[in-house]
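S.K.: Sharing a structure here in structure tokens format.
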Amino acid sequence: MKKLLTSLVCLLAVCSGMCQSRAKNHVPLDSIVLSDPCILPDRATMTYYMTGTGGKLWKSKDLRYWDGPYTVAETDPASWMGPEPMIWAAELHPYKGKYYYFATFTNPDVKIGSFRGNEIERRACHVLVSDKAEGPYRPMEDKTYLPAEKPTLDGTLWVDTDGKPYMVYCYEWLQTWDGTIEKIELKPDLSGSMGEGQLLFRASDSPWSREVIDGDTVASKVTDGPYLFRTQTGRLGMIWTSWIYDVYTQGVAYSESGTLDGPWVQEEQPITPPNFGHGMLFRTFDGQLLMSVHSHKDINSYFHRVPHLFKVDDSGDKIVVEEEYR
């Protein structure tokens, strides 16, 4: 009997390993359905880690084939997020010896109000922490980073010229009808925020994003996916996404002061091809600058989104998006 039980345990272990292997085989990048892909090249493990909407993690050694998805975010069910929050636009950032998980968490069971017929769910940017890039990522000190009555999303990390860390995020258009991108100072260990958010620019500042409301062409009200960078010449820029009518599109703005305070000047034309957006920038282990974005396709009112990589030239004062990286 003991031998039989031992054999059964071994068999179950083998079967479990096979199932896990099948669930986490090498998957081509263009076969992954994922919004808001963000890739961290971690030199400690010589591994690329990809996160995004959904709260999962993918791993790769070559950017072409990926293992996953893995669950890495551990939230507090007693917090404002509730037991099963939706997770959008997760990003991984190494900072002072630890790894930080910036993401948008939504509790669909809590409503903070309505505006123009839109019922607004409790949604906010928040930060988790881990000692390892692969997680798990867990809550820190502050229960909230931004006001409860303010729907925010797509938070990202930036250390400005004053040496202080900031979260740059979107204040959602659902409540303002003219979405904004703002900043808030973070504590030195990123465990919470300090002070109040400050406006950087509005969706209506964009010369390229447009929509039609009641038959009139007006500036789009959507701000989405801010991500900051410096060119090799030291110029501070920010890519962000909105819409040109029904086309998902990414543009870029540059700071005239070289700091988050701006003023931010929007480029006249989008920076990526149509139906690509929510981008971020990273360097491969061999030094190639890439932009990670997702493609956007409407299939019978279902948004089908897939990660893509584009080569980027940042040698001048402005970044130039080149051919797709394959």
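Lettering and numbering for the structure tokens are positional, with chains as A, B, ... in the shown order, residues counted from 1 in each chain, and ligands counted from 1 in the shown order.
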Can you write out as a tab-separated table which residues of segment 264-309 of chain A fall within 6 Å of segment 32-56 of chain A, alongside each residue's closest atom pair and its distance in Å to one decimal, counting only C-alpha atoms and ordering rows by chain and ascending residue number?
M.R.:
```
residue	atom	partner	partner_atom	distance
A:His278	CA	A:Asp36	CA	5.5
A:His294	CA	A:Ser35	CA	6.0
A:Arg305	CA	A:Ser35	CA	5.6
A:Val306	CA	A:Val33	CA	4.8
```
S.K.: So that I can check the surroundings of Asn118 of chain A, please list as a list of chain:residue names every protein, DNA and RNA residue that reaches within 7 Å of it, counting only C-alpha atoms and ignoring chain neighbours fewer than 3 positions away.
M.R.: A:Ser114, A:Phe115, A:Leu174
S.K.: Now that the selection is made, can you save its residues with N, CA and C atoms as a PDB file, in the first residue's frame?
M.R.:
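Wrote part.pdb, looks like this:
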```
ATOM      1  N   SER A 114     -21.629  59.440 -10.636  1.00  0.00           N
ATOM      2  CA  SER A 114     -21.940  59.371 -12.062  1.00  0.00           C
ATOM      3  C   SER A 114     -21.815  60.755 -12.663  1.00  0.00           C
ATOM      4  N   PHE A 115     -21.499  60.789 -13.965  1.00  0.00           N
ATOM      5  CA  PHE A 115     -21.336  62.058 -14.660  1.00  0.00           C
ATOM      6  C   PHE A 115     -21.741  61.863 -16.113  1.00  0.00           C
ATOM      7  N   LEU A 174     -13.818  60.339 -17.767  1.00  0.00           N
ATOM      8  CA  LEU A 174     -15.192  60.028 -17.397  1.00  0.00           C
ATOM      9  C   LEU A 174     -15.771  61.039 -16.415  1.00  0.00           C
TER      10      LEU A 174
END
```
S.K.: Residues near Leu157 of chain A, anyone? I mean within 8 Å using only C-alpha atoms, not counting same-chain ones fewer than 6 positions away, as a PyMOL selection string.
M.R.: chain A and resi 93+102+165-168
S.K.: Using DSSP assignments from the backbone, pull out every residue in segment 69-301 of chain A that falls under alpha helix (DSSP H) and give it to me as a list in words.
M.R.: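 Across segment 69-301 of chain A, those assigned alpha helix (DSSP H) are Trp173, Leu174, Gln175 and Thr176 of chain A.
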S.K.: Keeping N, CA and C atoms for every residue in the selection just given, could you write it to a file as an mmCIF file, in the first residue's frame?
M.R.:
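Here's the written file selection.cif:
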```cif
data_model
loop_
_atom_site.group_PDB
_atom_site.id
_atom_site.type_symbol
_atom_site.label_atom_id
_atom_site.label_comp_id
_atom_site.auth_asym_id
_atom_site.auth_seq_id
_atom_site.Cartn_x
_atom_site.Cartn_y
_atom_site.Cartn_z
ATOM 1 N N TRP A 173 -11.095 60.860 -18.045
ATOM 2 C CA TRP A 173 -12.036 61.757 -18.698
ATOM 3 C C TRP A 173 -13.484 61.530 -18.261
ATOM 4 N N LEU A 174 -13.818 60.339 -17.767
ATOM 5 C CA LEU A 174 -15.192 60.028 -17.397
ATOM 6 C C LEU A 174 -15.771 61.039 -16.415
ATOM 7 N N GLN A 175 -14.911 61.581 -15.589
ATOM 8 C CA GLN A 175 -15.370 62.513 -14.568
ATOM 9 C C GLN A 175 -15.135 63.978 -14.965
ATOM 10 N N THR A 176 -14.149 64.227 -15.792
ATOM 11 C CA THR A 176 -13.778 65.603 -16.124
ATOM 12 C C THR A 176 -14.239 66.034 -17.512
#
```
S.K.: From the set A:Trp66, A:Tyr227, A:Tyr95, A:Trp208, which residue has the shortest atom-to-atom contact distance to Trp240 of chain A, counting only C-alpha atoms?
M.R.: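 The shortest atom-to-atom distance to Trp240 of chain A comes from A:Tyr227.
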S.K.: Separation of atom CA of Lys98 of chain A and atom CA of His308 of chain A, in Å?
M.R.: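 Going from atom CA of Lys98 of chain A over to atom CA of His308 of chain A, I get 27.5 Å.
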S.K.: I want to know what sits within 6 Å of segment 72-88 of chain A, based on only C-alpha atoms, with residues of the same chain fewer than 6 positions away left out; could you give that as a list of chain:residue names?
M.R.: A:Thr53, A:Gly54, A:Gly55, A:Thr104, A:Phe105, A:Thr106, A:Asn107, A:Gly135, A:Pro136, A:Tyr137, A:Arg138
S.K.: Store the residues picked out above in a file with N, CA and C atoms, as a short mmCIF file (atom, residue, chain, number, x, y, z; two decimals), in the first residue's frame.
M.R.:
```
data_model
loop_
_atom_site.label_atom_id
_atom_site.label_comp_id
_atom_site.auth_asym_id
_atom_site.auth_seq_id
_atom_site.Cartn_x
_atom_site.Cartn_y
_atom_site.Cartn_z
N THR A 53 -2.27 44.77 -18.79
CA THR A 53 -3.62 44.64 -18.23
C THR A 53 -3.93 43.17 -17.97
N GLY A 54 -4.54 42.91 -16.82
CA GLY A 54 -4.85 41.54 -16.42
C GLY A 54 -4.07 41.09 -15.21
N GLY A 55 -2.97 41.80 -14.90
CA GLY A 55 -2.23 41.49 -13.68
C GLY A 55 -1.35 40.27 -13.76
N THR A 104 -3.17 50.00 -12.25
CA THR A 104 -4.49 50.55 -11.98
C THR A 104 -5.38 49.44 -11.44
N PHE A 105 -5.97 49.67 -10.28
CA PHE A 105 -6.84 48.68 -9.66
C PHE A 105 -8.26 49.23 -9.63
N THR A 106 -9.23 48.38 -9.98
CA THR A 106 -10.63 48.78 -10.01
C THR A 106 -11.47 47.84 -9.18
N ASN A 107 -12.28 48.41 -8.29
CA ASN A 107 -13.26 47.63 -7.53
C ASN A 107 -14.63 47.88 -8.15
N GLY A 135 8.42 38.73 -8.73
CA GLY A 135 7.45 38.80 -7.64
C GLY A 135 7.63 37.70 -6.62
N PRO A 136 6.61 37.54 -5.75
CA PRO A 136 5.30 38.21 -5.75
C PRO A 136 5.39 39.65 -5.28
N TYR A 137 4.41 40.45 -5.74
CA TYR A 137 4.34 41.86 -5.38
C TYR A 137 3.23 42.06 -4.35
N ARG A 138 3.58 42.75 -3.27
CA ARG A 138 2.64 42.89 -2.15
C ARG A 138 2.47 44.36 -1.75
#
```
S.K.: Report, in Å to a single decimal, how far apart atom CA of Thr249 of chain A and atom CA of Ile299 of chain A are.
M.R.: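 Atom-to-atom, atom CA of Ile299 of chain A to atom CA of Thr249 of chain A, that is 17.6 Å.
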S.K.: Would you kindly return, as a list in words, each protein, DNA or RNA residue with an atom no farther than 12 Å from any atom of Asn275 of chain A, considering only C-alpha atoms and excluding same-chain residues fewer than 5 positions away?
M.R.: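 Near neighbours after the sequence-gap exclusion: Thr241, Ser242, Trp243, Ile244, Tyr245, Asp246, Val247, Tyr248, Thr249, Gln250, Gly251, Pro270, Val293, His294, Ser295, His296, Lys297, Asp298, Phe303, His304, Arg305, Val306, Pro307 and His308 of chain A.
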S.K.: Kindly save the residues from that selection, with N, CA, C and O atoms included, as a compact mmCIF listing (two decimals), in the first residue's frame.
M.R.:
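Output (part20.txt):
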```txt
# COMPACT_ATOMS: atom_id res chain seq x y z
N THR A 241 -1.30 58.24 -25.25
CA THR A 241 -2.22 57.72 -26.26
C THR A 241 -3.60 58.35 -26.14
O THR A 241 -4.06 58.66 -25.05
N SER A 242 -4.24 58.54 -27.30
CA SER A 242 -5.62 59.00 -27.35
C SER A 242 -6.26 58.42 -28.62
O SER A 242 -5.87 57.33 -29.04
N TRP A 243 -7.18 59.15 -29.21
CA TRP A 243 -7.90 58.66 -30.39
C TRP A 243 -7.94 59.73 -31.47
O TRP A 243 -8.03 60.93 -31.18
N ILE A 244 -7.88 59.28 -32.72
CA ILE A 244 -8.23 60.12 -33.86
C ILE A 244 -9.52 59.52 -34.43
O ILE A 244 -9.49 58.52 -35.14
N TYR A 245 -10.64 60.07 -34.00
CA TYR A 245 -11.96 59.50 -34.28
C TYR A 245 -12.02 58.08 -33.70
O TYR A 245 -11.97 57.93 -32.49
N ASP A 246 -12.07 57.04 -34.52
CA ASP A 246 -12.14 55.69 -33.98
C ASP A 246 -10.81 54.95 -34.10
O ASP A 246 -10.75 53.72 -33.99
N VAL A 247 -9.71 55.69 -34.30
CA VAL A 247 -8.39 55.08 -34.47
C VAL A 247 -7.54 55.32 -33.23
O VAL A 247 -7.28 56.47 -32.85
N TYR A 248 -7.13 54.25 -32.59
CA TYR A 248 -6.28 54.30 -31.40
C TYR A 248 -4.90 54.78 -31.82
O TYR A 248 -4.27 54.20 -32.73
N THR A 249 -4.38 55.84 -31.20
CA THR A 249 -3.20 56.52 -31.72
C THR A 249 -2.33 57.05 -30.59
O THR A 249 -2.82 57.48 -29.55
N GLN A 250 -1.02 57.03 -30.83
CA GLN A 250 -0.06 57.50 -29.82
C GLN A 250 0.71 58.73 -30.31
O GLN A 250 1.20 58.75 -31.43
N GLY A 251 0.78 59.72 -29.43
CA GLY A 251 1.54 60.92 -29.73
C GLY A 251 2.66 61.12 -28.73
O GLY A 251 2.95 60.25 -27.89
N PRO A 270 1.01 62.24 -34.80
CA PRO A 270 1.24 61.03 -34.01
C PRO A 270 2.61 60.44 -34.29
O PRO A 270 3.24 60.74 -35.31
N VAL A 293 4.26 48.34 -27.63
CA VAL A 293 2.90 48.87 -27.77
C VAL A 293 1.95 47.69 -28.00
O VAL A 293 2.39 46.56 -28.19
N HIS A 294 0.65 47.95 -27.98
CA HIS A 294 -0.27 46.93 -28.45
C HIS A 294 -1.02 47.43 -29.68
O HIS A 294 -1.30 48.63 -29.81
N SER A 295 -1.30 46.50 -30.57
CA SER A 295 -2.16 46.80 -31.71
C SER A 295 -3.61 46.77 -31.24
O SER A 295 -3.95 46.11 -30.25
N HIS A 296 -4.45 47.49 -31.94
CA HIS A 296 -5.85 47.63 -31.54
C HIS A 296 -6.74 47.29 -32.73
O HIS A 296 -6.67 47.96 -33.76
N LYS A 297 -7.56 46.25 -32.57
CA LYS A 297 -8.48 45.85 -33.64
C LYS A 297 -9.85 45.59 -33.06
O LYS A 297 -9.98 44.85 -32.07
N ASP A 298 -10.86 46.20 -33.65
CA ASP A 298 -12.24 46.03 -33.20
C ASP A 298 -12.87 44.88 -33.99
O ASP A 298 -13.07 44.99 -35.20
N PHE A 303 -12.39 44.35 -28.45
CA PHE A 303 -11.07 44.91 -28.74
C PHE A 303 -10.01 43.82 -28.64
O PHE A 303 -9.72 43.33 -27.55
N HIS A 304 -9.47 43.45 -29.79
CA HIS A 304 -8.41 42.43 -29.84
C HIS A 304 -7.07 43.17 -29.83
O HIS A 304 -6.76 43.93 -30.75
N ARG A 305 -6.27 42.94 -28.79
CA ARG A 305 -5.02 43.67 -28.60
C ARG A 305 -3.86 42.71 -28.42
O ARG A 305 -3.93 41.79 -27.62
N VAL A 306 -2.78 42.97 -29.16
CA VAL A 306 -1.62 42.08 -29.20
C VAL A 306 -0.35 42.93 -29.05
O VAL A 306 -0.24 44.00 -29.66
N PRO A 307 0.63 42.48 -28.26
CA PRO A 307 1.88 43.25 -28.11
C PRO A 307 2.70 43.27 -29.40
O PRO A 307 2.75 42.29 -30.14
N HIS A 308 3.36 44.41 -29.64
CA HIS A 308 4.28 44.56 -30.75
C HIS A 308 5.48 45.37 -30.26
O HIS A 308 5.39 46.15 -29.32
```
S.K.: Run DSSP on the backbone of this structure and report the residues of segment 210-267 of chain A it assigns to strand (DSSP E), as a PyMOL selection string.
M.R.: chain A and resi 210-213+216-219+224-230+236-244+247-255+264-266
S.K.: Distance table requested - segment 215-286 of chain A against segment 190-205 of chain A, cut-off 6 Å, only C-alpha atoms: one row per qualifying residue with the closest atom pair and its distance in Å to one decimal, ordered by chain and rising residue number, as CSV.
M.R.:
```
residue,atom,partner,partner_atom,distance
A:Ala219,CA,A:Ser204,CA,5.2
A:Lys221,CA,A:Ala203,CA,5.4
A:Val222,CA,A:Ala203,CA,5.9
A:Thr223,CA,A:Ala203,CA,5.6
```
S.K.: For each of A:Glu267, A:Asp62, A:Asp154, A:Glu119, take the minimum atom-to-atom distance to Tyr101 of chain A, counting only C-alpha atoms, then give the residue where this is smallest.
M.R.: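 Closest to Tyr101 of chain A of all the choices is A:Asp154.
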